[in-house]
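J.: Once you've had a glance at the structure underneath, I'll fire off some questions.
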Amino acid sequence: MSYPAANSISAEGVEEIAKLLSLASHIRCLTLDLSRLDFRNPTARKVAELLSQNTSIVSLTLRLRESRIGAKGATQVIQQLLARAPHLASLSLDLAFTSVSDQTVARLATVLARNTTLGSLSLELKSTLITTVGVIALGKALAMNTHLTSLFLDLSLNENILDRGVHSLSECLRANSTLGRIQVVGFCRPDLSTNISTSCTKACR
């Protein structure tokens, strides 16, 4: 089931949609596109909280790109979906073109390292405020998670991610033997292509 974004929806409308979806016990796979909507942290937190309560959903795609949820809102979404939704086996989270920061990624790393139920994770973090520090923290969490088997990670258009962060992420991904499918987008550097694609879209394994 898929619900497209509509720019005229208010924050209250978004919460009402999430409330209805939280009660729909027949839904197993859900795509909710809230891109470019003008809602902030409290609404983002409420949406994630309601979605995490629906234990029938095993695959969730949540698109929040170009929204105004801010770093705090994104952190709370991650907290709800990764730490309090043990029924999720597959999660695709689109936070591209938002103000996601290293603090958000640090929280993501903490809950991801402890998550034992996700098998597939897709993170769209294109053009955010993430720096080398955030990438290193994320890489370490990915190295520790032995339950993930599939990863897609888009870190393109993040100018504050330096070579040190790319090398660290590469080494961490290589250290995780359970990840059978890895795709990292955003690093088109032949000299840094040990485990990260030189074409930006090539699967690492």
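For the structure tokens, the naming scheme is as follows: chains receive sequential letters (A, B, ...) according to their order of presentation, residues are indexed from 1 within each chain, and ligands are indexed from 1 in presentation order.
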Pick out the residues sitting within 6 Å of region 122-127 of chain A, and hand them over as an MDAnalysis selection string; count only C-alpha atoms, and ignore anything fewer than 5 positions along from it in its own chain.
T.: chainID A and resid 92:97 151:158
J.: Next, write the just-selected residues to a file, as a PDB file, in the first residue's frame, keeping N, CA, C and O atoms as the atom set.
T.:
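The result, stored in out_36.pdb:
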ATOM      1  N   SER A  92      13.134   1.468   4.940  1.00  0.00           N
ATOM      2  CA  SER A  92      13.712   2.426   4.006  1.00  0.00           C
ATOM      3  C   SER A  92      13.335   3.815   4.493  1.00  0.00           C
ATOM      4  O   SER A  92      12.155   4.162   4.565  1.00  0.00           O
ATOM      5  N   LEU A  93      14.349   4.605   4.858  1.00  0.00           N
ATOM      6  CA  LEU A  93      14.112   5.920   5.442  1.00  0.00           C
ATOM      7  C   LEU A  93      14.801   6.986   4.594  1.00  0.00           C
ATOM      8  O   LEU A  93      16.019   6.969   4.431  1.00  0.00           O
ATOM      9  N   ASP A  94      14.016   7.883   4.049  1.00  0.00           N
ATOM     10  CA  ASP A  94      14.528   8.927   3.158  1.00  0.00           C
ATOM     11  C   ASP A  94      14.540  10.259   3.909  1.00  0.00           C
ATOM     12  O   ASP A  94      13.498  10.862   4.142  1.00  0.00           O
ATOM     13  N   LEU A  95      15.750  10.704   4.269  1.00  0.00           N
ATOM     14  CA  LEU A  95      15.929  11.980   4.959  1.00  0.00           C
ATOM     15  C   LEU A  95      16.798  12.926   4.143  1.00  0.00           C
ATOM     16  O   LEU A  95      17.450  13.825   4.677  1.00  0.00           O
ATOM     17  N   ALA A  96      16.788  12.735   2.829  1.00  0.00           N
ATOM     18  CA  ALA A  96      17.606  13.566   1.943  1.00  0.00           C
ATOM     19  C   ALA A  96      17.136  15.015   1.967  1.00  0.00           C
ATOM     20  O   ALA A  96      15.945  15.306   2.127  1.00  0.00           O
ATOM     21  N   PHE A  97      18.096  15.919   1.835  1.00  0.00           N
ATOM     22  CA  PHE A  97      17.811  17.359   1.778  1.00  0.00           C
ATOM     23  C   PHE A  97      17.093  17.855   3.034  1.00  0.00           C
ATOM     24  O   PHE A  97      16.185  18.685   2.969  1.00  0.00           O
ATOM     25  N   LEU A 151      22.124  -3.609   2.614  1.00  0.00           N
ATOM     26  CA  LEU A 151      22.273  -2.196   2.969  1.00  0.00           C
ATOM     27  C   LEU A 151      22.369  -1.331   1.729  1.00  0.00           C
ATOM     28  O   LEU A 151      23.133  -1.612   0.807  1.00  0.00           O
ATOM     29  N   PHE A 152      21.572  -0.262   1.708  1.00  0.00           N
ATOM     30  CA  PHE A 152      21.714   0.799   0.706  1.00  0.00           C
ATOM     31  C   PHE A 152      21.924   2.097   1.464  1.00  0.00           C
ATOM     32  O   PHE A 152      21.169   2.433   2.369  1.00  0.00           O
ATOM     33  N   LEU A 153      22.960   2.832   1.101  1.00  0.00           N
ATOM     34  CA  LEU A 153      23.308   4.062   1.813  1.00  0.00           C
ATOM     35  C   LEU A 153      23.679   5.149   0.818  1.00  0.00           C
ATOM     36  O   LEU A 153      24.605   4.999   0.028  1.00  0.00           O
ATOM     37  N   ASP A 154      22.924   6.250   0.829  1.00  0.00           N
ATOM     38  CA  ASP A 154      23.201   7.379  -0.060  1.00  0.00           C
ATOM     39  C   ASP A 154      23.740   8.541   0.766  1.00  0.00           C
ATOM     40  O   ASP A 154      23.022   9.144   1.558  1.00  0.00           O
ATOM     41  N   LEU A 155      25.028   8.837   0.575  1.00  0.00           N
ATOM     42  CA  LEU A 155      25.685   9.934   1.286  1.00  0.00           C
ATOM     43  C   LEU A 155      26.180  11.004   0.323  1.00  0.00           C
ATOM     44  O   LEU A 155      27.075  11.780   0.648  1.00  0.00           O
ATOM     45  N   SER A 156      25.599  11.065  -0.853  1.00  0.00           N
ATOM     46  CA  SER A 156      26.058  12.007  -1.865  1.00  0.00           C
ATOM     47  C   SER A 156      25.732  13.451  -1.484  1.00  0.00           C
ATOM     48  O   SER A 156      24.836  13.724  -0.672  1.00  0.00           O
ATOM     49  N   LEU A 157      26.496  14.371  -2.054  1.00  0.00           N
ATOM     50  CA  LEU A 157      26.315  15.813  -1.851  1.00  0.00           C
ATOM     51  C   LEU A 157      26.493  16.233  -0.392  1.00  0.00           C
ATOM     52  O   LEU A 157      25.837  17.164   0.083  1.00  0.00           O
ATOM     53  N   ASN A 158      27.365  15.524   0.320  1.00  0.00           N
ATOM     54  CA  ASN A 158      27.722  15.916   1.687  1.00  0.00           C
ATOM     55  C   ASN A 158      29.187  16.355   1.682  1.00  0.00           C
ATOM     56  O   ASN A 158      30.093  15.531   1.824  1.00  0.00           O
TER      57      ASN A 158
END
J.: So which residues touch His87 (chain A) within 9 Å, counting only C-alpha atoms, skipping near sequence neighbours fewer than 4 positions away, as a PyMOL selection string?
T.: chain A and resi 52+54-59+117-118
J.: Can you tell me which residues surround Thr75 (chain A) at a distance of at most 9 Å, considering only C-alpha atoms, apart from same-chain residues fewer than 2 positions away, and format the answer as a ChimeraX atom specification?
T.: /A:45,70-73,77-80,100,103-105,107-108
J.: How would the residues just picked look written out with N, CA, C and O atoms as a compact mmCIF listing (two decimals), in the first residue's frame?
T.:
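Ended up saving to out13.txt:
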# COMPACT_ATOMS: atom_id res chain seq x y z
N ARG A 45 7.65 13.03 15.22
CA ARG A 45 7.72 12.07 16.34
C ARG A 45 6.42 11.29 16.46
O ARG A 45 6.43 10.07 16.65
N GLY A 70 13.76 18.79 10.88
CA GLY A 70 14.94 19.17 11.65
C GLY A 70 15.68 17.98 12.21
O GLY A 70 15.22 16.83 12.14
N ALA A 71 16.83 18.25 12.79
CA ALA A 71 17.67 17.19 13.33
C ALA A 71 16.98 16.47 14.50
O ALA A 71 17.04 15.25 14.61
N LYS A 72 16.31 17.23 15.34
CA LYS A 72 15.64 16.63 16.50
C LYS A 72 14.50 15.73 16.06
O LYS A 72 14.31 14.62 16.58
N GLY A 73 13.71 16.18 15.08
CA GLY A 73 12.62 15.37 14.57
C GLY A 73 13.11 14.09 13.93
O GLY A 73 12.55 13.01 14.14
N VAL A 77 12.33 10.17 14.99
CA VAL A 77 11.82 9.19 14.03
C VAL A 77 12.68 7.93 14.06
O VAL A 77 12.17 6.80 14.11
N ILE A 78 13.98 8.11 14.03
CA ILE A 78 14.92 6.98 14.08
C ILE A 78 14.76 6.19 15.37
O ILE A 78 14.75 4.96 15.37
N GLN A 79 14.63 6.90 16.47
CA GLN A 79 14.46 6.25 17.78
C GLN A 79 13.23 5.36 17.78
O GLN A 79 13.27 4.21 18.24
N GLN A 80 12.12 5.88 17.28
CA GLN A 80 10.87 5.12 17.28
C GLN A 80 10.94 3.90 16.37
O GLN A 80 10.53 2.80 16.76
N VAL A 100 19.47 16.92 8.87
CA VAL A 100 20.03 15.82 9.66
C VAL A 100 21.50 16.12 9.96
O VAL A 100 22.26 16.49 9.07
N GLN A 103 24.64 14.60 15.24
CA GLN A 103 23.93 14.18 16.44
C GLN A 103 22.84 13.16 16.09
O GLN A 103 22.67 12.15 16.80
N THR A 104 22.13 13.41 14.98
CA THR A 104 21.11 12.47 14.53
C THR A 104 21.74 11.14 14.16
O THR A 104 21.25 10.07 14.53
N VAL A 105 22.85 11.20 13.42
CA VAL A 105 23.52 9.98 12.98
C VAL A 105 24.10 9.21 14.17
O VAL A 105 24.12 7.98 14.18
N ARG A 107 22.78 9.04 17.12
CA ARG A 107 21.65 8.31 17.71
C ARG A 107 21.28 7.12 16.84
O ARG A 107 20.99 6.02 17.35
N LEU A 108 21.29 7.33 15.53
CA LEU A 108 21.04 6.25 14.59
C LEU A 108 22.03 5.11 14.82
O LEU A 108 21.65 3.93 14.86
J.: Within 12 Å of Val133 (chain A), counting only C-alpha atoms, which residues qualify if same-chain residues fewer than 6 places away don't, as a ChimeraX atom specification?
T.: /A:101-106,109,139-140,160-166,168-169
J.: Now that the selection is made, can you save its residues with C-alpha atoms as a PDB file, in the first residue's frame?
T.:
ATOM      1  CA  SER A 101      23.242  16.315  11.644  1.00  0.00           C
ATOM      2  CA  ASP A 102      26.002  14.263  13.263  1.00  0.00           C
ATOM      3  CA  GLN A 103      23.928  14.177  16.442  1.00  0.00           C
ATOM      4  CA  THR A 104      21.114  12.475  14.526  1.00  0.00           C
ATOM      5  CA  VAL A 105      23.516   9.978  12.978  1.00  0.00           C
ATOM      6  CA  ALA A 106      25.067   9.284  16.383  1.00  0.00           C
ATOM      7  CA  ALA A 109      24.335   4.452  15.188  1.00  0.00           C
ATOM      8  CA  GLY A 139      30.279   2.810  10.052  1.00  0.00           C
ATOM      9  CA  LYS A 140      31.116   1.442  13.494  1.00  0.00           C
ATOM     10  CA  ASN A 160      31.850  17.807   4.964  1.00  0.00           C
ATOM     11  CA  ILE A 161      32.611  14.086   4.708  1.00  0.00           C
ATOM     12  CA  LEU A 162      36.385  13.894   4.329  1.00  0.00           C
ATOM     13  CA  ASP A 163      38.650  11.051   3.193  1.00  0.00           C
ATOM     14  CA  ARG A 164      39.100   9.812   6.763  1.00  0.00           C
ATOM     15  CA  GLY A 165      35.369   9.184   7.068  1.00  0.00           C
ATOM     16  CA  VAL A 166      35.210   7.377   3.744  1.00  0.00           C
ATOM     17  CA  SER A 168      36.577   4.312   8.046  1.00  0.00           C
ATOM     18  CA  LEU A 169      33.202   3.466   6.525  1.00  0.00           C
TER      19      LEU A 169
END
J.: To test your reading of the structure, identify every residue in chain A that backbone DSSP assigns to alpha helix (DSSP H), and report it as JSON, numbers by chain.
T.: {"A": [11, 12, 13, 14, 15, 16, 17, 18, 19, 20, 21, 22, 41, 42, 43, 44, 45, 46, 47, 48, 49, 50, 51, 52, 53, 70, 71, 72, 73, 74, 75, 76, 77, 78, 102, 103, 104, 105, 106, 107, 108, 109, 110, 111, 112, 113, 114, 132, 133, 134, 135, 136, 137, 138, 139, 140, 141, 142, 143, 144, 163, 164, 165, 166, 167, 168, 169, 170, 171, 172, 173, 174, 175]}
J.: State, in Å with one decimal place, the distance from CA of Ala141 (chain A) to CA of Gln183 (chain A).
T.: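 Between CA of Ala141 (chain A) and CA of Gln183 (chain A) the gap is 16.5 Å.
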